[in-house]
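Text of the file model_10.txt, holding compact mmCIF, C-alpha atoms (C1' of nucleotides):
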```
# COMPACT_ATOMS: atom_id res chain seq x y z
CA MET A 1 5.58 2.35 -13.52
CA ALA A 2 6.07 -1.04 -11.93
CA THR A 3 5.99 -1.40 -8.20
CA PRO A 4 6.92 -5.03 -8.36
CA ARG A 5 6.12 -6.26 -4.90
CA PRO A 6 4.82 -4.91 -1.62
CA ARG A 7 8.26 -5.74 -0.17
CA ALA A 8 8.69 -5.36 3.55
CA ARG A 9 5.40 -3.92 4.63
CA PRO A 10 5.69 -1.22 7.24
CA ASP A 11 2.07 -1.40 8.20
CA PRO A 12 0.60 -4.90 8.40
CA GLY A 13 -2.92 -3.49 8.50
CA ALA A 14 -2.50 -1.84 5.11
CA PRO A 15 -0.44 -4.08 2.87
CA TRP A 16 -0.59 -1.57 0.04
CA SER A 17 1.24 1.68 -0.07
CA GLU A 18 -0.57 4.86 -0.85
CA GLU A 19 1.46 4.97 -4.01
CA GLN A 20 0.13 1.62 -5.14
CA ILE A 21 -3.40 2.61 -4.41
CA ARG A 22 -2.94 5.81 -6.36
CA GLU A 23 -1.66 3.77 -9.24
CA GLY A 24 -4.86 1.75 -9.11
CA ILE A 25 -6.89 4.95 -9.27
CA GLU A 26 -4.98 6.05 -12.31
CA LEU A 27 -5.27 2.69 -14.00
CA LEU A 28 -9.01 2.94 -13.74
CA PHE A 29 -9.00 6.37 -15.31
CA PHE A 30 -6.88 5.29 -18.26
CA ALA A 31 -8.73 2.05 -18.81
CA TYR A 32 -12.07 3.79 -18.83
CA ARG A 33 -10.84 6.58 -21.06
CA ASP A 34 -9.56 4.19 -23.69
CA PHE A 35 -12.38 1.77 -23.22
CA THR A 36 -15.05 4.28 -24.15
CA SER A 37 -13.15 5.81 -27.03
CA ASP A 38 -13.97 3.10 -29.59
CA PRO A 39 -17.76 3.24 -29.33
CA ASP A 40 -17.58 7.02 -29.11
CA ARG A 41 -16.03 7.11 -32.54
CA ILE A 42 -18.75 4.89 -33.97
CA LEU A 43 -21.52 6.89 -32.36
CA ALA A 44 -20.42 10.35 -33.41
CA PRO A 45 -21.24 10.09 -37.13
CA LEU A 46 -24.67 8.77 -36.15
CA GLY A 47 -25.37 11.91 -34.19
CA MET A 48 -25.29 10.01 -30.95
CA GLY A 49 -23.05 9.87 -27.92
CA ARG A 50 -22.01 7.79 -25.00
CA ALA A 51 -25.38 8.13 -23.35
CA HIS A 52 -27.06 6.39 -26.27
CA HIS A 53 -24.61 3.55 -25.99
CA ARG A 54 -25.43 3.02 -22.35
CA VAL A 55 -29.14 2.87 -23.05
CA VAL A 56 -28.70 0.47 -25.95
CA HIS A 57 -26.41 -1.68 -23.86
CA PHE A 58 -28.71 -2.08 -20.90
CA VAL A 59 -31.87 -2.48 -22.91
CA GLY A 60 -30.11 -5.13 -24.95
CA ARG A 61 -28.91 -6.92 -21.88
CA THR A 62 -32.19 -6.79 -20.01
CA PRO A 63 -35.05 -6.73 -22.47
CA ASP A 64 -38.53 -5.85 -21.25
CA MET A 65 -37.02 -3.44 -18.78
CA THR A 66 -39.14 -0.51 -17.62
CA VAL A 67 -38.08 3.09 -17.93
CA GLY A 68 -37.86 3.34 -14.16
CA GLU A 69 -35.49 0.40 -13.94
CA LEU A 70 -33.28 1.95 -16.56
CA LEU A 71 -33.22 5.22 -14.64
CA ALA A 72 -32.18 3.40 -11.49
CA ILE A 73 -29.29 1.72 -13.27
CA LEU A 74 -28.01 4.77 -15.07
CA LYS A 75 -28.59 7.06 -12.10
CA ILE A 76 -29.59 10.00 -14.21
CA THR A 77 -32.79 12.03 -14.26
CA LYS A 78 -35.70 11.14 -16.45
CA GLN A 79 -35.26 14.44 -18.26
CA SER A 80 -31.77 13.42 -19.23
CA LEU A 81 -32.91 10.01 -20.31
CA ALA A 82 -35.82 11.44 -22.27
CA ARG A 83 -33.65 13.13 -24.83
CA VAL A 84 -31.56 10.06 -25.49
CA LEU A 85 -34.28 7.46 -25.29
CA GLY A 86 -36.63 9.59 -27.36
CA GLN A 87 -34.08 9.83 -30.11
CA LEU A 88 -33.45 6.09 -30.08
CA VAL A 89 -37.18 5.42 -30.32
CA ARG A 90 -37.72 8.00 -33.06
CA GLU A 91 -34.88 6.56 -35.09
CA GLY A 92 -36.15 3.03 -34.74
CA TYR A 93 -33.56 1.44 -32.49
CA ILE A 94 -35.86 0.87 -29.52
CA VAL A 95 -39.56 0.17 -29.14
CA GLN A 96 -41.72 0.74 -26.11
CA ARG A 97 -44.58 -1.60 -25.25
CA PRO A 98 -47.14 -1.08 -22.49
CA GLY A 99 -46.64 -3.47 -19.59
CA ALA A 100 -48.81 -6.57 -19.55
CA THR A 101 -50.12 -6.17 -16.04
CA ASP A 102 -49.48 -2.48 -15.48
CA ARG A 103 -50.26 -0.59 -18.62
CA ARG A 104 -48.57 2.58 -17.38
CA GLU A 105 -45.19 1.01 -17.86
CA ARG A 106 -43.33 1.29 -21.15
CA ARG A 107 -41.23 -1.79 -21.40
CA LEU A 108 -38.19 -1.40 -23.59
CA HIS A 109 -36.88 -3.60 -26.39
CA LEU A 110 -34.26 -3.33 -29.08
CA THR A 111 -35.49 -3.53 -32.64
CA PRO A 112 -33.42 -5.58 -35.08
CA SER A 113 -31.75 -2.36 -36.05
CA GLY A 114 -31.10 -1.65 -32.38
CA GLN A 115 -29.56 -5.06 -31.93
CA ALA A 116 -27.30 -4.45 -34.87
CA LEU A 117 -26.22 -1.15 -33.38
CA GLU A 118 -25.59 -2.75 -30.03
CA ARG A 119 -23.37 -5.38 -31.57
CA ARG A 120 -21.48 -2.84 -33.59
CA LEU A 121 -20.86 -0.69 -30.55
CA SER A 122 -19.86 -3.46 -28.22
CA GLU A 123 -17.67 -5.21 -30.70
CA PRO A 124 -14.51 -3.20 -30.08
CA GLN A 125 -15.13 -3.43 -26.37
CA ARG A 126 -15.61 -7.17 -26.51
CA GLN A 127 -12.40 -7.39 -28.49
CA ARG A 128 -10.59 -5.30 -25.98
CA VAL A 129 -11.86 -7.14 -22.94
CA GLY A 130 -11.40 -10.50 -24.61
CA ALA A 131 -7.80 -9.69 -25.46
CA ALA A 132 -7.10 -8.42 -21.97
CA TYR A 133 -8.65 -11.54 -20.47
CA ARG A 134 -6.63 -13.80 -22.74
CA ALA A 135 -3.45 -11.98 -21.92
CA ALA A 136 -4.07 -12.14 -18.19
CA GLY A 137 -5.36 -15.66 -17.82
CA PRO A 138 -8.38 -17.16 -16.05
CA ALA A 139 -7.23 -16.63 -12.49
CA ALA A 140 -6.55 -12.98 -13.19
CA VAL A 141 -10.00 -12.57 -14.70
CA GLU A 142 -11.64 -13.89 -11.57
CA ALA A 143 -9.57 -11.51 -9.48
CA PHE A 144 -10.32 -8.61 -11.77
CA ARG A 145 -14.02 -9.22 -11.35
CA ARG A 146 -13.74 -9.45 -7.60
CA VAL A 147 -11.86 -6.16 -7.27
CA LEU A 148 -14.13 -4.32 -9.66
CA THR A 149 -17.19 -5.59 -7.85
CA ALA A 150 -15.76 -4.54 -4.51
CA LEU A 151 -15.21 -1.08 -5.94
CA ARG A 152 -18.90 -0.51 -6.39
CA THR A 153 -21.10 1.27 -3.93
CA PRO A 154 -23.34 -1.47 -2.58
CA GLU A 155 -26.95 -1.11 -3.62
CA PRO A 156 -29.48 -0.79 -0.82
CA ALA A 157 -31.05 -4.20 -0.39
CA PRO A 158 -33.83 -4.47 -2.97
CA GLY A 159 -36.50 -4.98 -0.33
CA THR A 160 -35.49 -2.02 1.78
CA PRO A 161 -38.23 0.38 2.89
CA ALA A 162 -38.32 3.73 1.16
CA ASN A 163 -36.65 2.09 -1.76
CA LYS A 164 -39.63 2.30 -4.00
CA ALA A 165 -38.96 6.01 -4.22
CA ASN A 166 -35.47 5.21 -5.35
CA VAL A 167 -35.93 6.92 -8.65
CA ARG A 168 -36.53 10.54 -7.95
CA GLN A 169 -36.70 13.47 -10.23
CA SER A 170 -33.34 14.65 -8.96
CA PRO A 171 -31.18 11.65 -8.32
CA ARG A 172 -28.40 13.27 -6.41
CA ARG A 173 -28.43 16.40 -4.36
CA THR A 174 -25.10 18.00 -3.76
CA PRO A 175 -24.35 18.79 -0.11
CA GLY A 176 -23.36 22.34 -0.82
CA GLY A 177 -26.37 22.90 -2.96
CA ARG A 178 -24.76 23.32 -6.35
CA LEU A 179 -25.08 21.24 -9.41
CA SER A 180 -23.08 18.11 -9.75
CA GLY A 181 -22.57 18.03 -13.53
CA LYS A 182 -20.98 14.75 -14.42
CA SER A 183 -18.47 14.79 -17.18
CA MET B 1 -5.01 -7.13 -29.62
CA ALA B 2 -2.33 -9.77 -29.45
CA THR B 3 -3.34 -13.37 -29.17
CA PRO B 4 -0.38 -14.33 -27.08
CA ARG B 5 -1.40 -17.94 -26.97
CA PRO B 6 -2.82 -19.92 -29.81
CA ARG B 7 -5.86 -21.67 -28.45
CA ALA B 8 -4.69 -24.79 -26.73
CA ARG B 9 -8.26 -25.98 -26.58
CA PRO B 10 -10.67 -26.71 -29.42
CA ASP B 11 -13.57 -24.35 -28.98
CA PRO B 12 -12.37 -22.93 -25.69
CA GLY B 13 -9.88 -20.96 -27.71
CA ALA B 14 -12.03 -18.24 -26.24
CA PRO B 15 -12.40 -19.47 -22.70
CA TRP B 16 -14.83 -16.69 -21.94
CA SER B 17 -18.33 -16.52 -23.19
CA GLU B 18 -19.66 -13.40 -24.74
CA GLU B 19 -21.87 -13.15 -21.70
CA GLN B 20 -18.88 -13.11 -19.38
CA ILE B 21 -17.13 -10.49 -21.44
CA ARG B 22 -20.24 -8.36 -21.43
CA GLU B 23 -20.32 -8.67 -17.69
CA GLY B 24 -16.80 -7.31 -17.59
CA ILE B 25 -17.85 -4.34 -19.68
CA GLU B 26 -20.68 -3.63 -17.31
CA LEU B 27 -18.48 -4.03 -14.27
CA LEU B 28 -16.22 -1.36 -15.60
CA PHE B 29 -19.12 1.00 -16.14
CA PHE B 30 -20.49 0.54 -12.63
CA ALA B 31 -17.11 0.72 -10.95
CA TYR B 32 -16.24 3.94 -12.74
CA ARG B 33 -19.64 5.45 -12.09
CA ASP B 34 -19.43 4.86 -8.36
CA PHE B 35 -15.74 5.55 -8.19
CA THR B 36 -16.08 9.08 -9.46
CA SER B 37 -19.16 9.92 -7.45
CA ASP B 38 -17.35 10.65 -4.17
CA PRO B 39 -14.95 13.31 -5.44
CA ASP B 40 -17.73 14.75 -7.57
CA ARG B 41 -19.70 15.49 -4.43
CA ILE B 42 -16.72 17.20 -2.84
CA LEU B 43 -15.97 19.26 -5.93
CA ALA B 44 -19.46 20.54 -6.60
CA PRO B 45 -19.73 22.99 -3.68
CA LEU B 46 -16.33 24.37 -4.69
CA GLY B 47 -17.64 25.22 -8.13
CA MET B 48 -15.45 22.58 -9.70
CA GLY B 49 -15.98 19.30 -11.45
CA ARG B 50 -14.37 16.10 -12.49
CA ALA B 51 -12.04 17.83 -14.90
CA HIS B 52 -10.48 19.80 -12.06
CA HIS B 53 -9.92 16.63 -10.13
CA ARG B 54 -8.05 15.07 -13.01
CA VAL B 55 -5.76 18.05 -13.33
CA VAL B 56 -5.06 18.19 -9.61
CA HIS B 57 -4.43 14.47 -9.56
CA PHE B 58 -1.88 14.41 -12.35
CA VAL B 59 -0.10 17.58 -11.33
CA GLY B 60 0.15 16.18 -7.83
CA ARG B 61 1.48 12.90 -9.06
CA THR B 62 3.99 14.34 -11.50
CA PRO B 63 5.12 17.74 -10.28
CA ASP B 64 7.02 20.03 -12.62
CA MET B 65 4.98 18.72 -15.51
CA THR B 66 4.54 20.96 -18.54
CA VAL B 67 1.17 21.96 -19.93
CA GLY B 68 1.87 19.95 -23.04
CA GLU B 69 2.52 16.80 -21.07
CA LEU B 70 -0.71 17.26 -19.18
CA LEU B 71 -2.59 17.68 -22.44
CA ALA B 72 -1.11 14.46 -23.76
CA ILE B 73 -2.23 12.55 -20.69
CA LEU B 74 -5.73 13.93 -20.52
CA LYS B 75 -6.23 13.81 -24.28
CA ILE B 76 -8.26 16.98 -24.39
CA THR B 77 -7.67 20.24 -26.25
CA LYS B 78 -5.79 23.09 -24.75
CA GLN B 79 -8.93 25.19 -24.91
CA SER B 80 -10.70 22.69 -22.70
CA LEU B 81 -7.80 22.55 -20.33
CA ALA B 82 -7.53 26.31 -20.21
CA ARG B 83 -10.84 26.80 -18.48
CA VAL B 84 -10.08 24.28 -15.78
CA LEU B 85 -6.40 25.01 -15.29
CA GLY B 86 -6.99 28.73 -15.37
CA GLN B 87 -9.52 28.47 -12.59
CA LEU B 88 -7.20 26.32 -10.49
CA VAL B 89 -4.40 28.85 -10.93
CA ARG B 90 -6.64 31.83 -10.22
CA GLU B 91 -7.96 30.20 -7.07
CA GLY B 92 -4.51 29.36 -5.80
CA TYR B 93 -4.40 25.59 -6.10
CA ILE B 94 -1.75 25.44 -8.80
CA VAL B 95 1.23 27.62 -9.70
CA GLN B 96 3.01 27.84 -13.00
CA ARG B 97 6.74 28.42 -13.20
CA PRO B 98 8.75 29.06 -16.35
CA GLY B 99 10.92 26.11 -17.30
CA ALA B 100 14.57 26.28 -16.26
CA THR B 101 16.05 25.54 -19.66
CA ASP B 102 13.12 26.44 -21.90
CA ARG B 103 11.40 29.50 -20.58
CA ARG B 104 8.37 29.07 -22.82
CA GLU B 105 7.21 26.16 -20.70
CA ARG B 106 4.94 26.68 -17.73
CA ARG B 107 5.78 23.91 -15.34
CA LEU B 108 2.96 23.01 -12.99
CA HIS B 109 2.98 22.54 -9.23
CA LEU B 110 0.39 22.18 -6.52
CA THR B 111 0.38 24.86 -3.87
CA PRO B 112 -0.10 23.72 -0.25
CA SER B 113 -3.75 24.46 -0.74
CA GLY B 114 -3.70 22.38 -3.92
CA GLN B 115 -2.10 19.50 -2.09
CA ALA B 116 -4.76 19.69 0.58
CA LEU B 117 -7.44 19.59 -2.08
CA GLU B 118 -5.80 16.64 -3.77
CA ARG B 119 -5.73 14.69 -0.56
CA ARG B 120 -9.31 15.53 0.22
CA LEU B 121 -10.46 14.43 -3.20
CA SER B 122 -8.47 11.25 -3.36
CA GLU B 123 -9.27 10.19 0.16
CA PRO B 124 -12.59 8.50 -0.56
CA GLN B 125 -11.04 6.86 -3.60
CA ARG B 126 -8.08 5.61 -1.62
CA GLN B 127 -10.51 4.26 0.94
CA ARG B 128 -12.51 2.57 -1.73
CA VAL B 129 -9.57 1.04 -3.53
CA GLY B 130 -7.90 0.07 -0.28
CA ALA B 131 -11.03 -1.69 0.90
CA ALA B 132 -11.44 -3.48 -2.42
CA TYR B 133 -7.81 -4.57 -2.33
CA ARG B 134 -8.15 -5.86 1.19
CA ALA B 135 -11.30 -7.73 0.31
CA ALA B 136 -9.77 -9.34 -2.74
CA GLY B 137 -6.34 -10.21 -1.43
CA PRO B 138 -2.79 -9.56 -2.65
CA ALA B 139 -2.84 -11.93 -5.59
CA ALA B 140 -6.03 -10.35 -6.85
CA VAL B 141 -4.46 -6.92 -6.74
CA GLU B 142 -1.69 -7.94 -9.07
CA ALA B 143 -4.18 -9.54 -11.42
CA PHE B 144 -6.43 -6.50 -11.32
CA ARG B 145 -3.54 -4.31 -12.37
CA ARG B 146 -2.59 -6.62 -15.18
CA VAL B 147 -6.07 -6.73 -16.65
CA LEU B 148 -6.63 -3.01 -16.34
CA THR B 149 -3.30 -2.31 -17.96
CA ALA B 150 -4.09 -4.66 -20.81
CA LEU B 151 -7.34 -2.78 -21.34
CA ARG B 152 -5.52 0.38 -22.27
CA THR B 153 -4.74 1.46 -25.78
CA PRO B 154 -0.97 1.16 -26.02
CA GLU B 155 0.81 4.48 -26.31
CA PRO B 156 2.96 4.99 -29.36
CA ALA B 157 6.54 4.37 -28.27
CA PRO B 158 7.81 7.62 -26.80
CA GLY B 159 10.63 7.90 -29.31
CA THR B 160 8.45 7.42 -32.35
CA PRO B 161 8.82 9.89 -35.21
CA ALA B 162 5.98 12.33 -35.70
CA ASN B 163 5.31 11.99 -32.04
CA LYS B 164 6.42 15.44 -31.19
CA ALA B 165 3.26 16.68 -32.83
CA ASN B 166 1.31 14.44 -30.51
CA VAL B 167 -0.50 17.30 -28.92
CA ARG B 168 -2.56 18.97 -31.54
CA GLN B 169 -5.18 21.59 -31.32
CA SER B 170 -7.85 19.02 -32.11
CA PRO B 171 -6.96 15.73 -30.53
CA ARG B 172 -9.49 13.53 -32.18
CA ARG B 173 -11.17 13.87 -35.51
CA THR B 174 -14.34 11.90 -36.01
CA PRO B 175 -14.47 9.85 -39.20
CA GLY B 176 -17.86 11.12 -40.20
CA GLY B 177 -16.84 14.66 -39.55
CA ARG B 178 -19.01 15.38 -36.55
CA LEU B 179 -17.97 16.27 -33.08
CA SER B 180 -16.98 13.61 -30.67
CA GLY B 181 -18.21 15.15 -27.44
CA LYS B 182 -17.11 12.91 -24.62
CA SER B 183 -19.46 12.67 -21.68
C1' DC C 1 -63.16 9.01 -5.39
C1' DG C 2 -58.60 10.62 -4.11
C1' DA C 3 -53.78 9.53 -3.69
C1' DT C 4 -49.99 7.61 -5.65
C1' DT C 5 -47.19 5.85 -9.45
C1' DA C 6 -45.03 5.60 -14.19
C1' DT C 7 -43.92 8.26 -17.64
C1' DG C 8 -43.50 12.37 -20.46
C1' DT C 9 -42.59 17.29 -21.41
C1' DC C 10 -41.30 22.42 -21.35
C1' DA C 11 -37.83 25.69 -19.99
C1' DA C 12 -33.56 27.28 -18.19
C1' DT C 13 -28.75 26.39 -16.73
C1' DA C 14 -24.12 24.25 -15.93
C1' DA C 15 -20.01 21.46 -16.98
C1' DC C 16 -17.18 19.68 -20.33
C1' DA C 17 -15.62 19.13 -24.64
C1' DC C 18 -14.94 20.52 -29.56
C1' DT C 19 -13.62 23.54 -33.95
C1' DG C 20 -11.29 27.42 -35.83
C1' DA C 21 -8.54 31.40 -35.67
C1' DC C 22 -5.23 34.33 -33.88
C1' DA C 23 -1.57 36.24 -30.41
C1' DT C 24 2.84 36.27 -27.82
C1' DA C 25 7.08 34.68 -26.13
C1' DG C 26 10.96 32.04 -26.62
C1' DT C 27 13.96 28.62 -29.30
C1' DT C 28 16.07 26.77 -33.45
C1' DT C 29 17.84 26.88 -37.90
C1' DC C 30 20.08 28.62 -41.80
C1' DG D 1 19.93 38.10 -37.26
C1' DA D 2 15.72 36.93 -39.69
C1' DA D 3 12.60 33.19 -40.65
C1' DA D 4 10.51 29.22 -38.94
C1' DC D 5 8.90 26.62 -35.49
C1' DT D 6 7.24 25.58 -30.61
C1' DA D 7 4.80 26.24 -26.07
C1' DT D 8 1.23 28.40 -24.36
C1' DG D 9 -2.73 31.38 -24.13
C1' DT D 10 -7.11 33.42 -25.70
C1' DC D 11 -11.51 34.83 -28.19
C1' DA D 12 -15.71 33.16 -30.19
C1' DG D 13 -19.10 29.82 -31.28
C1' DT D 14 -21.25 25.07 -30.82
C1' DG D 15 -22.69 20.40 -29.21
C1' DT D 16 -23.57 16.69 -25.70
C1' DT D 17 -24.77 15.33 -21.30
C1' DA D 18 -26.65 16.35 -17.25
C1' DT D 19 -28.99 19.25 -13.85
C1' DT D 20 -33.22 21.79 -11.40
C1' DG D 21 -38.05 22.91 -11.26
C1' DA D 22 -42.67 22.67 -12.69
C1' DC D 23 -46.48 20.68 -14.74
C1' DA D 24 -49.28 17.03 -17.53
C1' DT D 25 -51.43 12.47 -18.46
C1' DA D 26 -52.76 8.02 -17.73
C1' DA D 27 -53.27 4.02 -14.93
C1' DT D 28 -53.30 1.66 -10.54
C1' DC D 29 -54.40 1.34 -5.63
C1' DG D 30 -56.75 1.92 -1.24
```

As structure tokens, please, write out the structure in this file.
Amino acid sequence: MATPRPRARPDPGAPWSEEQIREGIELLFFAYRDFTSDPDRILAPLGMGRAHHRVVHFVGRTPDMTVGELLAILKITKQSLARVLGQLVREGYIVQRPGATDRRERRLHLTPSGQALERRLSEPQRQRVGAAYRAAGPAAVEAFRRVLTALRTPEPAPGTPANKANVRQSPRRTPGGRLSGKS
Amino acid sequence: MATPRPRARPDPGAPWSEEQIREGIELLFFAYRDFTSDPDRILAPLGMGRAHHRVVHFVGRTPDMTVGELLAILKITKQSLARVLGQLVREGYIVQRPGATDRRERRLHLTPSGQALERRLSEPQRQRVGAAYRAAGPAAVEAFRRVLTALRTPEPAPGTPANKANVRQSPRRTPGGRLSGKS
DNA sequence: CGATTATGTCAATAACACTGACATAGTTTC
DNA sequence: GAAACTATGTCAGTGTTATTGACATAATCG
């Protein structure tokens, strides 16, 4: 599994072999697969799934968030969010409060019970990340963050025109016209 | 979850704040979300999804793999794999050949058309990872790999007893008895 | 007032995964 | 060689997440 060093690089422009890049792709798959498995196991007996975790996570991290902001982060449709968010509200994990200036908004907050759930769910992940960070050392953590950040699709600058309509009913239209159906 | 080093510092035994660890969790979510979006868009018009990509990826990377090995890597049930693998075989991307020594096995290979698909799917990901690697520098790449590897749940040693039954019909049983339903 | 925005809702469909049960070759073991 | 086990496949039903499309309500804006 180890490709110890780039060795003599044939192509100076691309210091990483295709093989090494493929290994990186795989690493991401395995890390994500294992990373989500702990909270999944906690959620299942509660009749919830990964989607609930994501909502609880982001609402916990950014309280007073609007529904629209949450949609933009998750990049799902409001219909998809409705099921999950509705359940969390009905079961008392999240409350919605009308916005102070714009009363159409429903600003989201975790209830104490929601906070408890959030902590319970993130605990194994914090353990996991904490252990990985400890094992790798501070410099590695910085590097890890840089690579992961560079992996993201850059957001359109938040002041960009036609960005207000960023949250549409159908967030992603497939070129060929079919559904996209995330897994 | 090893603590390889006893804290050399008083409180900084955990040199990373909960906030920083949470940021790492989020980073992983965003990176994975964006990372999978490119191949998803290619797959959709072909009537395929992320699951097909995973199969094509691993069969491409480890040719002559058995179905059982693939199941162990993906950690899904054979019924789930059947739908995806069956389609890939029917549509000519993958062929199955009986094993040389054990003729019960169906060893998997990409056809030329399967190889073309694999390259097409992985291309945007290779681009993405390559760009991120370039942006972060060689040292960062090593560190990135170390952290991501440490994030994984360690596999039971491959010679472990009761490991032969590693691939079961139902790979994961939820404590509370409900389904687990990955997303 | 009329248009737009923020949010919600009903209905149908797809992709992916699961549980449980059973079938068919081929291999191993006694 | 028969019984037991293994590798793989298949039928049937269900749940979770997400999609598309259409319409509804309330509040804000010009």

Near-stretch 27-38 of chain A list (7 Å; only C-alpha atoms (C1' of nucleotides); drop same-chain fewer than 5 positions) as a short mmCIF file (atom, residue, chain, number, x, y, z; two decimals) with C-alpha atoms, in the frame of the given file:
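Below is the file that was written, around15.cif:
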```cif
data_model
loop_
_atom_site.label_atom_id
_atom_site.label_comp_id
_atom_site.auth_asym_id
_atom_site.auth_seq_id
_atom_site.Cartn_x
_atom_site.Cartn_y
_atom_site.Cartn_z
CA PRO A 124 -14.51 -3.20 -30.08
CA GLN A 125 -15.13 -3.43 -26.37
CA LEU B 148 -6.63 -3.01 -16.34
CA THR B 149 -3.30 -2.31 -17.96
CA LEU B 151 -7.34 -2.78 -21.34
CA ARG B 152 -5.52 0.38 -22.27
CA THR B 153 -4.74 1.46 -25.78
#
```

Atom CA of A:Leu81 and atom CA of A:His52 are how many Å apart? 9.1 Å

Hey, which of B:Val95, B:Ala82, B:Leu70, B:Met65 ends up closest to chain C? Count all atoms listed in the file. B:Ala82

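Near chain B, counting all atoms listed in the file at 7 Å, the chain D residues are DA7, DT16 and DT17 of chain D.
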
One decimal, in Å: what's the spacing between atom CA of A:Ala140 and atom CA of A:Gly60? 27.5 Å

Do you know which residues are at most 12 Å from D:DA3 counting only C-alpha atoms (C1' of nucleotides), after dropping those on the same chain fewer than 4 positions away, and could you put them as a ChimeraX atom specification? /C:28-30

Restrict the selected residues to C-alpha atoms (C1' of nucleotides) and save them as a PDB file, in the coordinates of the input.
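Below is the file out02.pdb, written as the result:
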```
ATOM      1  C1'  DT C  28      16.070  26.770 -33.450  1.00  0.00           C
ATOM      2  C1'  DT C  29      17.840  26.880 -37.900  1.00  0.00           C
ATOM      3  C1'  DC C  30      20.080  28.620 -41.800  1.00  0.00           C
TER       4       DC C  30
END
```

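We find atom CA of B:Tyr93 and atom CA of B:Pro112 to be spaced 7.5 Å apart.
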
Counting all atoms listed in the file, write as a ChimeraX atom specification all protein and nucleic acid residues lying at most 12 Å from (-13.9, 25.9, -4.6) in the file's frame. /A:176,178 /B:41-49,52-53,84,87-93,113-114,117

Based on all atoms listed in the file, which of the residues in chain C come within 7 Å of chain A? I want them as a PyMOL selection string. chain C and resi 6+14-16

In terms of all atoms listed in the file, the residue from A:Glu155, A:Ala72, A:Gln127, A:Ser80 at minimal distance from chain B is A:Gln127

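Nearest residue to chain B, choosing from A:Gly24, A:Gly86, A:Gly99, A:Pro63 and counting only C-alpha atoms: A:Gly24.
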
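Candidate residues B:Gln115, B:Ser122, B:Thr77, B:Thr101 were compared for distance to chain A, and the nearest is B:Ser122, using all atoms listed in the file.
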
Specify the axis-aligned box that encloses all atoms of stretch 6-24 of chain D listed in the file after padding of 4 Å on each side, stating its centre and edge lengths in Å to one decimal as JSON.
```
{"center_x": -21.0, "center_y": 25.1, "center_z": -21.3, "size_x": 64.5, "size_y": 27.5, "size_z": 28.0}
```
